[in-house]
Amino acid sequence: MSSKGFVRLGPVIAGLFVGIGILVAAGTAHAAGNDPVIGTKNVVVADPTVPRPPGTPCVVQLFNDVTFTDFNTRPYDYTPPVSCGSRWSKVVLEADFSVTAGRQFDRTATLWLSGVNVYFGTTQEPSAAVSPSWHVERDLTDYTTLLRQPGKGQAIIGNVVNSTYTGIIHGSARLLFYPASLIAPAAQVPDAVYPLGADAVGDTTTLNGPTDKLAKTLSLPRNVVRAYLDVFAQSQSGDEFWYTCVPDQYAAQVQECGGGNFREAEVSIDGQPAGVAPVYPWIYTGGIDPYLWRPTPGVQTLNFMPYRVDLTPFAGQLSDGSPHEVALSVAGAHGYFSTTATLLVYRDRHAQQVNGRITRNTLVGQPPTPTIGSTLATDNSGNLTGDITTQLTRQFVIEGYATGSSGRVVNSVTQTVGFNDVQRFTINTSTYRQQTEQLTQVDSVSQSRVGPLLTVEYRAHAAYPLSVDYNQQVASDGSLSAATTTHQGYTTHGERRLLGFPVYKADISNTVDSADTLNFDASGALTSHTGQQSAQSFRFNDSFGSCYRTDLSTASGALATYATGQGCPDQQNRVWWIAHPDGSPDSRNLQVDW
């Protein structure tokens, strides 16, 4: 609202209609790389690439064919492109990795610039005969302010190469800048980008337990109107298989890792709870049974997506001129999580000072403490059966106001976060079977009001289903088989409303189902594996007509079927170039410049 009491829509409505008009110039999102050849044993995924606007990008190479053979960083210098100006419609990171055939663990891979994470994922494990290669992309448009300045960056892929672990990892990365044009206007990007880590070039922060935190005290501009935190929390070491762990009191009884299986990232500002970020149960390519993930890895295994936490209710508080601590912790962390977070801030373009405060925060007083149940029972023969359950549901509202050039704007975030986990055990002399059924769900509504007028609303739903069935059978001769089936899901729905009217909706569904059986002789040596098969299905559609469909299946370590575009108009994938079909955070579409 202006000082005269009228709502100033500025370029928003014009941007909306421009967006609808340029749908005809929509980019086409493909599955990563060209369509693969049936029978290939190289990495193949159904995930879409980042859709591109029309025009020729400027390319800035970050590094080219760098080898990773140790735990040293690989530094690089960054300079913004000179021939594309400083106003870009889109900025995309592209990276290509490979590992030589042989033996090697999966490794964590991160790329950094001026302390900010620009890529987070893991590597594909090789085999004796296959040297896998893969391609990843990330939409970095919201980090445009960072990219307008030169900076120092580094790639980190800690690796060991010796006579036993022979796989050498290679990598290249570049940034593509698409210049703004009439049909692809410049994005309304955050005005400031702040990393929470301590390393000026960039690195993750280790959180061993729930009281550890990634934190930074920041002196922010005095005219903050919106704020978001992009969060990564990657499980490592004792926490790698957190989704199969049980509370400490049952760990010895069921022969599993302790620490429980509830994990959730907690965000705080000045020590006050400010939001939560669910932890996705990523499974790496050496996880449980490496053959499960050849040639198709699990959901987001090679390219994690950050979870964006809306901190806009705190805009007034963050603008008061005092230093403020923004912090991240992981509830349930049990040695350990690698974390990083980036604060994105929008400023009032027409006011030097914004005033405000938090008026309501019902997350305070709701600690992330799940309820534990057990039906474990042991009969007279020593056979154990039963379930261990873990459940937590929290509902909260965080509300605050910020007074600036638009008058007094009340911002609220209402969220319901649910976690349900069942660990079912059957343990006797010939069987060790653990069945994991887990579901994390988040429903959130972000609203902005000027007086009684609901100006902007964003509704989001996310669901992370996980099933793991591990069934180990011991034969009379002492040999054993370990059969594993897994199901991973990633489902999101987002809906934006302007002045109460729906203006954009988008839906994503990504599932991976995998199965394999390992066979061991009586000495415990692996003799073979059988029954490898997997399937991935990726779906995206939005209310502007975008449609993306790709399905694949694998058998015996090779691609068996691949279909793309089926079910879309003309049986072709077409995605609006502003869309985020990969599930990456999106603050561009229909953000309001009041």
# chains A, B, ... in the order shown; residues from 1 in each chain; ligands from 1
$ closest_atom_pairs --of "region 284-356 of chain A" --to "region 518-528 of chain A" --cutoff "10 Å" --atoms "only C-alpha atoms" --output "tab-separated table"
residue	atom	partner	partner_atom	distance
A:Asp289	CA	A:Leu518	CA	7.6
A:Pro290	CA	A:Leu518	CA	9.8
A:Tyr291	CA	A:Leu518	CA	8.7
$ residues_around --residues "Thr69 (chain A)" --least-positions-apart "2" --cutoff "12 Å" --atoms "only C-alpha atoms" --output "JSON list (two decimals) with N, CA, C and O atoms, in the first residue's frame"
[["chain", "number", "residue", "atom", "x", "y", "z"],
["A", 66, "VAL", "N", 39.02, -31.15, -13.97],
["A", 66, "VAL", "CA", 39.83, -31.21, -12.76],
["A", 66, "VAL", "C", 39.73, -32.61, -12.17],
["A", 66, "VAL", "O", 38.65, -33.22, -12.17],
["A", 67, "THR", "N", 40.83, -33.16, -11.69],
["A", 67, "THR", "CA", 40.82, -34.48, -11.07],
["A", 67, "THR", "C", 40.75, -34.33, -9.55],
["A", 67, "THR", "O", 41.32, -33.41, -8.97],
["A", 71, "PHE", "N", 41.86, -35.08, -0.47],
["A", 71, "PHE", "CA", 40.88, -34.28, 0.26],
["A", 71, "PHE", "C", 41.20, -32.78, 0.23],
["A", 71, "PHE", "O", 40.65, -32.01, 1.02],
["A", 72, "ASN", "N", 42.06, -32.37, -0.67],
["A", 72, "ASN", "CA", 42.34, -30.95, -0.84],
["A", 72, "ASN", "C", 41.25, -30.31, -1.70],
["A", 72, "ASN", "O", 40.66, -30.95, -2.56],
["A", 73, "THR", "N", 41.01, -29.02, -1.46],
["A", 73, "THR", "CA", 40.04, -28.29, -2.27],
["A", 73, "THR", "C", 40.64, -27.98, -3.63],
["A", 73, "THR", "O", 41.86, -27.98, -3.82],
["A", 74, "ARG", "N", 39.76, -27.71, -4.59],
["A", 74, "ARG", "CA", 40.19, -27.30, -5.92],
["A", 74, "ARG", "C", 39.67, -25.87, -6.15],
["A", 74, "ARG", "O", 38.52, -25.66, -6.49],
["A", 99, "VAL", "N", 33.87, -40.89, -13.06],
["A", 99, "VAL", "CA", 34.84, -41.61, -12.23],
["A", 99, "VAL", "C", 35.32, -42.81, -13.00],
["A", 99, "VAL", "O", 34.53, -43.49, -13.67],
["A", 100, "THR", "N", 36.61, -43.04, -12.96],
["A", 100, "THR", "CA", 37.18, -44.14, -13.72],
["A", 100, "THR", "C", 36.73, -45.48, -13.16],
["A", 100, "THR", "O", 36.41, -45.61, -11.98],
["A", 104, "GLN", "N", 35.68, -47.60, -5.82],
["A", 104, "GLN", "CA", 35.66, -46.29, -5.18],
["A", 104, "GLN", "C", 34.35, -46.12, -4.43],
["A", 104, "GLN", "O", 33.31, -46.62, -4.83],
["A", 107, "ARG", "N", 31.18, -40.31, -3.05],
["A", 107, "ARG", "CA", 31.80, -39.16, -2.37],
["A", 107, "ARG", "C", 30.85, -37.97, -2.40],
["A", 107, "ARG", "O", 30.08, -37.79, -3.33],
["A", 156, "ILE", "N", 34.88, -29.12, -3.86],
["A", 156, "ILE", "CA", 35.32, -30.04, -2.81],
["A", 156, "ILE", "C", 34.72, -31.41, -3.07],
["A", 156, "ILE", "O", 33.50, -31.59, -2.98],
["A", 157, "ILE", "N", 35.55, -32.37, -3.43],
["A", 157, "ILE", "CA", 35.15, -33.78, -3.53],
["A", 157, "ILE", "C", 36.28, -34.58, -2.90],
["A", 157, "ILE", "O", 37.26, -34.94, -3.55],
["A", 158, "GLY", "N", 36.18, -34.80, -1.61],
["A", 158, "GLY", "CA", 37.23, -35.56, -0.93],
["A", 158, "GLY", "C", 37.27, -36.99, -1.45],
["A", 158, "GLY", "O", 36.25, -37.67, -1.50],
["A", 159, "ASN", "N", 38.47, -37.45, -1.83],
["A", 159, "ASN", "CA", 38.59, -38.76, -2.46],
["A", 159, "ASN", "C", 39.92, -39.39, -2.05],
["A", 159, "ASN", "O", 40.90, -38.69, -1.77],
["A", 160, "VAL", "N", 39.96, -40.69, -2.02],
["A", 160, "VAL", "CA", 41.18, -41.45, -1.73],
["A", 160, "VAL", "C", 41.47, -42.33, -2.94],
["A", 160, "VAL", "O", 40.59, -43.08, -3.38],
["A", 161, "VAL", "N", 42.66, -42.23, -3.45],
["A", 161, "VAL", "CA", 43.09, -43.08, -4.56],
["A", 161, "VAL", "C", 44.37, -43.80, -4.16],
["A", 161, "VAL", "O", 45.38, -43.16, -3.83],
["A", 162, "ASN", "N", 44.32, -45.12, -4.15],
["A", 162, "ASN", "CA", 45.48, -45.94, -3.82],
["A", 162, "ASN", "C", 45.34, -47.28, -4.53],
["A", 162, "ASN", "O", 44.53, -47.41, -5.46],
["A", 165, "TYR", "N", 41.49, -48.43, -3.62],
["A", 165, "TYR", "CA", 40.43, -47.55, -4.12],
["A", 165, "TYR", "C", 41.00, -46.78, -5.31],
["A", 165, "TYR", "O", 41.72, -45.79, -5.14],
["A", 166, "THR", "N", 40.68, -47.26, -6.49],
["A", 166, "THR", "CA", 41.37, -46.80, -7.70],
["A", 166, "THR", "C", 40.61, -45.76, -8.51],
["A", 166, "THR", "O", 41.18, -45.18, -9.44],
["A", 167, "GLY", "N", 39.35, -45.54, -8.20],
["A", 167, "GLY", "CA", 38.53, -44.65, -9.00],
["A", 167, "GLY", "C", 38.96, -43.19, -8.87],
["A", 167, "GLY", "O", 38.97, -42.63, -7.77],
["A", 168, "ILE", "N", 39.29, -42.57, -9.98],
["A", 168, "ILE", "CA", 39.66, -41.15, -10.03],
["A", 168, "ILE", "C", 38.46, -40.36, -10.54],
["A", 168, "ILE", "O", 37.90, -40.67, -11.59],
["A", 169, "ILE", "N", 38.07, -39.33, -9.80],
["A", 169, "ILE", "CA", 36.92, -38.52, -10.16],
["A", 169, "ILE", "C", 37.39, -37.31, -10.97],
["A", 169, "ILE", "O", 38.37, -36.66, -10.63],
["A", 170, "HIS", "N", 36.68, -37.04, -12.06],
["A", 170, "HIS", "CA", 36.93, -35.88, -12.90],
["A", 170, "HIS", "C", 35.70, -34.98, -12.88],
["A", 170, "HIS", "O", 34.56, -35.47, -12.78],
["A", 171, "GLY", "N", 35.92, -33.67, -12.99],
["A", 171, "GLY", "CA", 34.78, -32.75, -13.00],
["A", 171, "GLY", "C", 35.05, -31.47, -13.76],
["A", 171, "GLY", "O", 36.19, -30.99, -13.83]]
$ atom_distance --atom1 "CA of Ala192 (chain A)" --atom2 "CA of Leu220 (chain A)"
9.1 Å
$ residues_around --residues "region 313-318 of chain A" --least-positions-apart "2" --cutoff "9 Å" --atoms "only C-alpha atoms" --output "ChimeraX atom specification"
/A:219-227,269,274,310-311,320-324,345,354-359,398-403,410-413
$ write_last_selection --atoms "N, CA, C and O atoms" --output "CSV table (one decimal), in the first residue's frame"
chain,number,residue,atom,x,y,z
A,219,SER,N,24.8,-8.3,10.3
A,219,SER,CA,24.3,-6.9,10.3
A,219,SER,C,23.6,-6.7,9.0
A,219,SER,O,24.3,-6.5,8.0
A,220,LEU,N,22.3,-6.7,9.0
A,220,LEU,CA,21.5,-6.7,7.7
A,220,LEU,C,21.1,-5.2,7.4
A,220,LEU,O,21.1,-4.3,8.3
A,221,PRO,N,20.7,-5.0,6.2
A,221,PRO,CA,20.1,-3.7,5.8
A,221,PRO,C,18.9,-3.4,6.7
A,221,PRO,O,18.2,-4.2,7.2
A,222,ARG,N,18.6,-2.1,6.8
A,222,ARG,CA,17.6,-1.6,7.7
A,222,ARG,C,16.2,-1.5,7.0
A,222,ARG,O,15.3,-0.9,7.5
A,223,ASN,N,16.1,-2.1,5.8
A,223,ASN,CA,14.9,-2.1,5.0
A,223,ASN,C,14.5,-3.4,4.4
A,223,ASN,O,14.2,-3.5,3.2
A,224,VAL,N,14.7,-4.5,5.2
A,224,VAL,CA,14.3,-5.8,4.8
A,224,VAL,C,12.8,-6.0,4.7
A,224,VAL,O,12.1,-5.6,5.7
A,225,VAL,N,12.3,-6.5,3.6
A,225,VAL,CA,10.9,-6.8,3.5
A,225,VAL,C,10.5,-8.2,3.3
A,225,VAL,O,9.4,-8.7,3.6
A,226,ARG,N,11.5,-9.0,2.8
A,226,ARG,CA,11.3,-10.5,2.7
A,226,ARG,C,12.6,-11.2,3.0
A,226,ARG,O,13.7,-10.6,2.6
A,227,ALA,N,12.6,-12.4,3.5
A,227,ALA,CA,13.8,-13.1,3.8
A,227,ALA,C,13.5,-14.6,3.7
A,227,ALA,O,12.4,-15.1,4.1
A,269,ILE,N,16.3,-17.5,14.9
A,269,ILE,CA,16.8,-16.2,14.8
A,269,ILE,C,16.9,-15.6,16.2
A,269,ILE,O,15.9,-15.6,17.0
A,274,ALA,N,12.4,-20.2,14.4
A,274,ALA,CA,11.9,-19.3,13.3
A,274,ALA,C,11.4,-20.2,12.1
A,274,ALA,O,10.8,-19.6,11.2
A,310,ASP,N,10.7,-19.9,4.7
A,310,ASP,CA,10.2,-18.5,4.7
A,310,ASP,C,10.4,-17.8,6.0
A,310,ASP,O,9.7,-18.2,7.0
A,311,LEU,N,11.3,-16.8,6.1
A,311,LEU,CA,11.5,-16.1,7.3
A,311,LEU,C,10.9,-14.6,7.2
A,311,LEU,O,11.3,-13.8,8.1
A,320,ASP,N,16.1,-3.8,12.3
A,320,ASP,CA,16.2,-2.9,13.4
A,320,ASP,C,17.6,-2.3,13.6
A,320,ASP,O,17.8,-1.5,14.5
A,321,GLY,N,18.6,-2.7,12.8
A,321,GLY,CA,19.9,-2.1,12.9
A,321,GLY,C,20.8,-2.9,13.8
A,321,GLY,O,22.0,-2.6,13.9
A,322,SER,N,20.3,-3.8,14.6
A,322,SER,CA,21.1,-4.6,15.5
A,322,SER,C,21.6,-5.9,14.8
A,322,SER,O,21.0,-6.4,13.9
A,323,PRO,N,22.7,-6.4,15.3
A,323,PRO,CA,23.2,-7.7,14.7
A,323,PRO,C,22.2,-8.8,15.1
A,323,PRO,O,21.7,-8.8,16.2
A,324,HIS,N,22.0,-9.7,14.2
A,324,HIS,CA,21.1,-10.8,14.5
A,324,HIS,C,21.8,-12.2,14.1
A,324,HIS,O,22.4,-12.3,13.1
A,345,VAL,N,17.7,-12.0,1.0
A,345,VAL,CA,17.0,-10.9,1.5
A,345,VAL,C,16.6,-10.0,0.4
A,345,VAL,O,17.3,-9.6,-0.5
A,354,VAL,N,12.8,0.1,7.5
A,354,VAL,CA,11.6,-0.7,7.8
A,354,VAL,C,11.5,-1.0,9.3
A,354,VAL,O,12.5,-1.3,9.9
A,355,ASN,N,10.3,-0.8,9.9
A,355,ASN,CA,10.2,-1.1,11.3
A,355,ASN,C,9.2,-2.2,11.5
A,355,ASN,O,8.3,-2.4,10.6
A,356,GLY,N,9.3,-3.0,12.5
A,356,GLY,CA,8.4,-4.0,12.8
A,356,GLY,C,8.9,-5.0,13.8
A,356,GLY,O,10.0,-4.8,14.4
A,357,ARG,N,8.1,-6.0,14.1
A,357,ARG,CA,8.5,-7.0,15.1
A,357,ARG,C,7.6,-8.3,14.9
A,357,ARG,O,6.6,-8.3,14.1
A,358,ILE,N,8.0,-9.3,15.6
A,358,ILE,CA,7.2,-10.6,15.6
A,358,ILE,C,6.0,-10.4,16.6
A,358,ILE,O,6.2,-9.9,17.7
A,359,THR,N,4.8,-10.7,16.2
A,359,THR,CA,3.7,-10.5,17.0
A,359,THR,C,3.1,-11.8,17.5
A,359,THR,O,2.3,-11.9,18.5
A,398,ILE,N,3.7,-18.3,12.7
A,398,ILE,CA,4.7,-17.3,13.0
A,398,ILE,C,4.2,-16.0,12.2
A,398,ILE,O,4.0,-16.1,11.0
A,399,GLU,N,4.0,-14.9,13.0
A,399,GLU,CA,3.4,-13.7,12.3
A,399,GLU,C,4.2,-12.5,12.8
A,399,GLU,O,4.6,-12.4,14.0
A,400,GLY,N,4.4,-11.6,11.9
A,400,GLY,CA,5.1,-10.3,12.2
A,400,GLY,C,4.7,-9.3,11.2
A,400,GLY,O,4.1,-9.6,10.2
A,401,TYR,N,5.0,-8.0,11.6
A,401,TYR,CA,4.7,-6.9,10.6
A,401,TYR,C,5.9,-6.2,10.3
A,401,TYR,O,6.9,-6.2,11.0
A,402,ALA,N,5.9,-5.6,9.1
A,402,ALA,CA,7.0,-4.7,8.7
A,402,ALA,C,6.3,-3.4,8.1
A,402,ALA,O,5.5,-3.5,7.2
A,403,THR,N,6.7,-2.3,8.6
A,403,THR,CA,6.2,-1.0,8.1
A,403,THR,C,7.2,-0.3,7.3
A,403,THR,O,8.3,0.0,7.8
A,410,VAL,N,1.5,-7.2,7.2
A,410,VAL,CA,1.5,-8.3,8.1
A,410,VAL,C,1.8,-9.6,7.4
A,410,VAL,O,1.1,-9.9,6.4
A,411,ASN,N,2.9,-10.2,7.7
A,411,ASN,CA,3.4,-11.5,7.1
A,411,ASN,C,3.2,-12.6,8.0
A,411,ASN,O,3.6,-12.5,9.2
A,412,SER,N,2.7,-13.7,7.6
A,412,SER,CA,2.5,-14.9,8.4
A,412,SER,C,2.9,-16.2,7.7
A,412,SER,O,2.8,-16.3,6.5
A,413,VAL,N,3.4,-17.1,8.4
A,413,VAL,CA,3.7,-18.5,8.0
A,413,VAL,C,3.0,-19.4,8.9
A,413,VAL,O,3.2,-19.5,10.1
$ atom_distance --atom1 "CA of Ser329 (chain A)" --atom2 "CA of Val417 (chain A)"
16.5 Å
$ closest_atom_pairs --of "region 364-405 of chain A" --to "region 425-436 of chain A" --cutoff "8 Å" --atoms "only C-alpha atoms" --output "Markdown table"
| residue | atom | partner | partner_atom | distance |
| --- | --- | --- | --- | --- |
| A:Gly382 | CA | A:Asn428 | CA | 7.0 |
| A:Asn383 | CA | A:Asn428 | CA | 4.7 |
| A:Leu384 | CA | A:Ile427 | CA | 5.1 |
| A:Thr385 | CA | A:Thr426 | CA | 4.7 |
| A:Gly386 | CA | A:Phe425 | CA | 5.6 |
| A:Asp387 | CA | A:Phe425 | CA | 6.3 |
$ residues_around --residues "Gly545 (chain A)" --least-positions-apart "3" --cutoff "8 Å" --atoms "only C-alpha atoms" --output "ChimeraX atom specification"
/A:541-542,575-576
$ decode --residues "region 556-573 of chain A" --atoms "N, CA and C atoms" --output "mmCIF file, in the first residue's frame"
data_model
loop_
_atom_site.group_PDB
_atom_site.id
_atom_site.type_symbol
_atom_site.label_atom_id
_atom_site.label_comp_id
_atom_site.auth_asym_id
_atom_site.auth_seq_id
_atom_site.Cartn_x
_atom_site.Cartn_y
_atom_site.Cartn_z
ATOM 1 N N SER A 556 19.333 -55.941 -14.495
ATOM 2 C CA SER A 556 20.687 -56.502 -14.552
ATOM 3 C C SER A 556 21.729 -55.420 -14.810
ATOM 4 N N GLY A 557 21.535 -54.258 -14.218
ATOM 5 C CA GLY A 557 22.522 -53.197 -14.295
ATOM 6 C C GLY A 557 22.532 -52.416 -15.580
ATOM 7 N N ALA A 558 21.502 -52.551 -16.414
ATOM 8 C CA ALA A 558 21.457 -51.848 -17.700
ATOM 9 C C ALA A 558 20.078 -51.257 -17.905
ATOM 10 N N LEU A 559 20.012 -50.206 -18.715
ATOM 11 C CA LEU A 559 18.742 -49.577 -19.030
ATOM 12 C C LEU A 559 17.889 -50.512 -19.874
ATOM 13 N N ALA A 560 16.650 -50.755 -19.424
ATOM 14 C CA ALA A 560 15.758 -51.692 -20.129
ATOM 15 C C ALA A 560 14.707 -50.960 -20.957
ATOM 16 N N THR A 561 14.113 -49.901 -20.401
ATOM 17 C CA THR A 561 13.103 -49.128 -21.140
ATOM 18 C C THR A 561 13.288 -47.661 -20.822
ATOM 19 N N TYR A 562 12.864 -46.807 -21.766
ATOM 20 C CA TYR A 562 12.960 -45.359 -21.567
ATOM 21 C C TYR A 562 11.897 -44.692 -22.413
ATOM 22 N N ALA A 563 11.047 -43.891 -21.784
ATOM 23 C CA ALA A 563 9.983 -43.200 -22.501
ATOM 24 C C ALA A 563 9.872 -41.790 -21.960
ATOM 25 N N THR A 564 9.776 -40.823 -22.861
ATOM 26 C CA THR A 564 9.695 -39.438 -22.436
ATOM 27 C C THR A 564 8.607 -38.710 -23.215
ATOM 28 N N GLY A 565 7.879 -37.844 -22.532
ATOM 29 C CA GLY A 565 6.824 -37.058 -23.163
ATOM 30 C C GLY A 565 5.477 -37.739 -23.224
ATOM 31 N N GLN A 566 5.408 -39.020 -22.921
ATOM 32 C CA GLN A 566 4.135 -39.724 -23.042
ATOM 33 C C GLN A 566 3.137 -39.188 -22.014
ATOM 34 N N GLY A 567 1.973 -38.834 -22.495
ATOM 35 C CA GLY A 567 0.957 -38.228 -21.645
ATOM 36 C C GLY A 567 0.922 -36.723 -21.717
ATOM 37 N N CYS A 568 1.934 -36.107 -22.339
ATOM 38 C CA CYS A 568 1.941 -34.666 -22.558
ATOM 39 C C CYS A 568 1.339 -34.358 -23.936
ATOM 40 N N PRO A 569 0.869 -33.153 -24.166
ATOM 41 C CA PRO A 569 0.351 -32.803 -25.493
ATOM 42 C C PRO A 569 1.377 -33.090 -26.588
ATOM 43 N N ASP A 570 0.903 -33.727 -27.670
ATOM 44 C CA ASP A 570 1.769 -34.114 -28.793
ATOM 45 C C ASP A 570 2.875 -35.075 -28.363
ATOM 46 N N GLN A 571 2.739 -35.663 -27.172
ATOM 47 C CA GLN A 571 3.717 -36.631 -26.656
ATOM 48 C C GLN A 571 5.112 -36.011 -26.561
ATOM 49 N N GLN A 572 5.152 -34.726 -26.213
ATOM 50 C CA GLN A 572 6.420 -34.023 -26.092
ATOM 51 C C GLN A 572 6.461 -33.240 -24.787
ATOM 52 N N ASN A 573 7.632 -33.221 -24.175
ATOM 53 C CA ASN A 573 7.835 -32.407 -22.988
ATOM 54 C C ASN A 573 7.984 -30.946 -23.378
#
